[in-house]
Each structure stands twice: as structure tokens, then as C-alpha cells.
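Report on the following structure.
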Amino acid sequence: MANPIYLQLYTLRDDAAVNLHATLDAVAEAGYAGVELAGLYDLTPAALKAELDARGLTVIGAHSGYADLLADVPAAIELCRVFETSRLTVPWIDGDWRDSIENMRALGASLAAAGAQLRDAGIQLCYHNHAFEFEMEDATGTGYAAVLAGGDGHIAAELDLYWVVKAGKDPITELQSLSGNVPLVHLKDMSEDGDFRPVGDGIIDYKGSVLQAAVDAGAQGFIVEQDQCSTHTPLESIARSITALRNWGFAS
């Protein structure tokens with residue numbers, strides 16, 4: 001069954017800084033159903049929402065920094081209300097949190113109250129991984145599992161499948177372990193030497209099994225993101241990714 005595909009706008013951050021209007025036009029013309037936000041591009045939320053609406057682009061979710069979220073949960077709720085989205089994701093963490101499984105579990109616990117407030121407002125709090133959460137592991141599981149466990153049911157997964165593979169883990173196994181708690185997945189591909197590639201241009205078996213595993217795990221938002229684009233421009237890269245997904249019959 002074909003699925004709507006979204007774009008994490010971080011992929012086009014340089015283009016958007018030069019000409020946001022033309023960049024959003026290109027996202028819509030490429031066939032993306034909508035976007036995931038990573039900033040407001042010096043616009044008010046209402047003004048950016050109007051720009052997206054004018055192009056028929058919906059908002060699958062938004063990213064929020066850890067400190068920003070904890071400092072003002074009501075503001076995060078209002079942001080989601082303006083964009084008519086029900087998911088907010090913490091995309092990155094640094095500092096001492098990354099030192100141990102115990103600290104990763106404490107990170108989840110530190111987000112639990114915010115997650116509960118968001119849930120009461122109809123918004124799901126998610127946490128986005130990089131490689132380090134899966135590179136640390138003890139008898140209880142990975143650092144990523146520790147974050148979710150620490151959240152005590154108030155944190156869901158936004159699983160970035162490239163970073164799972166980068167950490168040496170099997171994306172299908174990780175999707176299965178998160179079944180029912182992985183509403184969002186990030187899609188980007190990997191070259192033989194571990195560099196970023198558009199979906200379909202790398203070694204991750206999206207077509208053969210990984211996309212189906214994401215569907216089976218209950219993922220509802222499929223989001224293309226490419227942190228760096230070295231073989232094509234960012235605009236060319238996003239077009240290649242959605243074209244591959246469409247050619248496989250996965251993208252609507």
C-alpha cells in the first residue's frame with residue numbers, strides 16, 4: 001500500500017535560508033505530502049503554517065531542543081496546535097547524558113513529566129536517535145531502550161534507520177523490538193563507506209524488507225532526511241529519495 005512521504009526540512013536548511021518560498025515549492029513539486037519541522041526560518045508559526053498550507057504541505061511533526069521543551073512545555077503545545085500536528089520530537093542530546101546507560105535512562109525520566117503534559121494535550125513526545133544510543137549496551141539493552149524505559153510510557157520512538165545501521169545494529173530487529181511504539185521513522189541511505197546517500201542509492205535494504213518491517217511495527221510517518229548531501233545537491237537528493245520510494249510502490 002502506498003504511503004504519504006514527508007521531508008525533514010533540516011535536509012534543505014541551506015536552501016531554505018536563501019529562499020524559503022522556492023524551497024517549499026520544490027518540496028511540494030517533488031511529491032512530498034508534508035514536512036517535519038526543525039525551526040521556523042524567522043517566521044511566526046502562523047506565517048510558516050500559511051506558507052505550508054498554500055502548497056498543500058501538512059506537518060507530520062516538529063523537532064524541539066531538550067532545554068527548550070523543558071523550559072516551556074505550554075509553548076511547545078501551542079506550537080503543535082498552530083501546525084495541527086500531534087507529535088513533537090527531541091532530536092539530539094549531548095553532555096553527560098551520553099556517558100552511560102544509567103544516564104540515558106535518567107534522560108528519559110527527565111522527559112517523562114513533559115511527555116505526560118504533552119499527552120494530556122493530545123501530543124506524543126518522541127525521541128530521535130543517532131548512533132551513540134545504540135553503540136552503548138548492557139544486560140538491560142541499548143541506550144536507546146534505556147531512554148524509552150526511563151520515560152515510563154511517555155516517550156515514543158522516532159527511529160532513524162541510517163543511524164541504527166551506522167551503529168552496527170539490524171534495523172529490522174530494532175523495529176520489531178519497538179513494535180507499537182515507533183510512530184515515526186527517518187529514511188536515508190548509506191554508502192559502502194558509511195556516508196549519507198539518498199534512499200535507494202545505498203546499502204540499506206529498504207525495498208526488500210526494512211520498509212515492510214517499519215509498517216509491521218506500526219510506523220505511521222515516513223520521513224526522508226539526509227544530514228549531508230555529497231553526491232547530489234540537497235534538492236536533487238530529496239527528489240531521488242521520493243522517486244525510489246515511488247518506484248517501489250511505497251510512496252503515494
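Here, A, B, ... name the chains of the C-alpha cells in the order displayed, residue numbers run from 1 inside each chain, and ligands are numbered from 1 in the same displayed order.
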Once DSSP has gone over the backbone, tell me which residues of stretch 75-188 of chain A are in strand (DSSP E), as a PyMOL selection string. chain A and resi 87-90+124-128+137-138+141-142+156-160+184-187
Tell me, which residues of stretch 5-223 of chain A carry DSSP helix (DSSP H, G or I), written as a ChimeraX atom specification? /A:9-18,20-30,45-54,66-71,73-83,95-99,101-120,132-135,143-150,161-166,171-177,206-216
All residues 9 Å or closer to A:Val73, only C-alpha atoms, same chain fewer than 4 positions away omitted, as a PDB file with C-alpha atoms, in the first residue's frame:
```pdb
ATOM      1  CA  ASP A  68      13.597  24.482  25.129  1.00  0.00           C
ATOM      2  CA  LEU A  69      10.968  21.839  25.755  1.00  0.00           C
ATOM      3  CA  ILE A  77       1.912  22.570  22.983  1.00  0.00           C
ATOM      4  CA  GLU A  78       0.905  25.850  21.348  1.00  0.00           C
ATOM      5  CA  ALA A 114       6.850  16.899  29.778  1.00  0.00           C
ATOM      6  CA  GLN A 117       1.767  17.104  29.765  1.00  0.00           C
ATOM      7  CA  LEU A 118       2.017  16.732  26.018  1.00  0.00           C
TER       8      LEU A 118
END
```
Which residues of stretch 150-216 of chain A come within 12 Å of stretch 33-56 of chain A, and for each one, what is the closest pair of atoms and their distance in Å to one decimal, counting only C-alpha atoms, sorted by chain and residue number, as a tab-separated table?
```
residue	atom	partner	partner_atom	distance
A:Glu158	CA	A:Glu36	CA	11.6
A:Leu184	CA	A:Glu36	CA	10.4
A:Val185	CA	A:Glu36	CA	11.3
A:His186	CA	A:Glu36	CA	10.3
```
Please determine, counting only C-alpha atoms, which residue among A:Gly31, A:Pro91, A:Gly221, A:Gly115 has the shortest atom-to-atom distance to A:Leu70.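 That would be A:Gly115, the residue with the smallest distance to A:Leu70.
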With distances taken over only C-alpha atoms, which residue among A:Pro4, A:Gly151, A:Gly122, A:Gly202 lies nearest A:Cys80?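 Checking each candidate against A:Cys80, we get A:Gly122 as the closest.
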Near stretch 218-220 of chain A, counting only C-alpha atoms, which residues have an atom at most 6 Å away, once you skip same-chain residues fewer than 4 positions from it, shown as a ChimeraX atom specification? /A:180,182-184,214
Name the closest residue to A:Ala131 among the candidates A:Ala217, A:Val164, A:Leu20, A:Met104; distances are taken between atoms, counting only C-alpha atoms.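 So, comparing all the options, the nearest one is A:Val164.
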Pick the closest to A:Ala121 from A:Ser177, A:Ser64, A:Ser230, A:Thr85: which is it, counting only C-alpha atoms?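 Using only C-alpha atoms, A:Ala121 sits closest to A:Thr85.
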10 Å contact set for A:Phe134, only C-alpha atoms, chain neighbours under 2 positions out, as a VMD selection string: chain A and resid 129 to 132 136 to 137 141 to 145 163 to 169 174
Output file for the selection above: C-alpha atoms, as a short mmCIF file (atom, residue, chain, number, x, y, z; two decimals), in the first residue's frame:
```
data_model
loop_
_atom_site.label_atom_id
_atom_site.label_comp_id
_atom_site.auth_asym_id
_atom_site.auth_seq_id
_atom_site.Cartn_x
_atom_site.Cartn_y
_atom_site.Cartn_z
CA ASN A 129 18.34 8.54 17.82
CA HIS A 130 21.81 8.83 16.43
CA ALA A 131 24.41 6.07 16.52
CA PHE A 132 25.63 6.54 20.09
CA MET A 136 26.15 1.65 24.28
CA GLU A 137 24.64 -1.55 25.60
CA GLY A 141 19.56 -3.34 26.41
CA THR A 142 20.77 -0.34 24.44
CA GLY A 143 21.00 3.28 25.45
CA TYR A 144 18.04 3.99 23.22
CA ALA A 145 15.92 1.40 25.01
CA TRP A 163 21.95 5.71 12.43
CA VAL A 164 20.79 2.28 13.59
CA VAL A 165 22.81 0.70 10.76
CA LYS A 166 25.73 3.06 11.42
CA ALA A 167 25.85 1.72 14.99
CA GLY A 168 26.13 -1.83 13.64
CA LYS A 169 22.59 -2.87 14.55
CA GLU A 174 15.23 -2.78 16.33
#
```
Which residue gives the smallest distance to A:Leu235 among A:Val210, A:Leu187, A:Ala149, A:Val27, with only C-alpha atoms counted?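 Checking each candidate against A:Leu235, we get A:Val27 as the closest.
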A:Phe250, A:Ile5, A:Leu88, A:Val147 ranked by distance to A:Ala30, top pick (using only C-alpha atoms):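 Selected residue with least distance to A:Ala30: A:Ile5.
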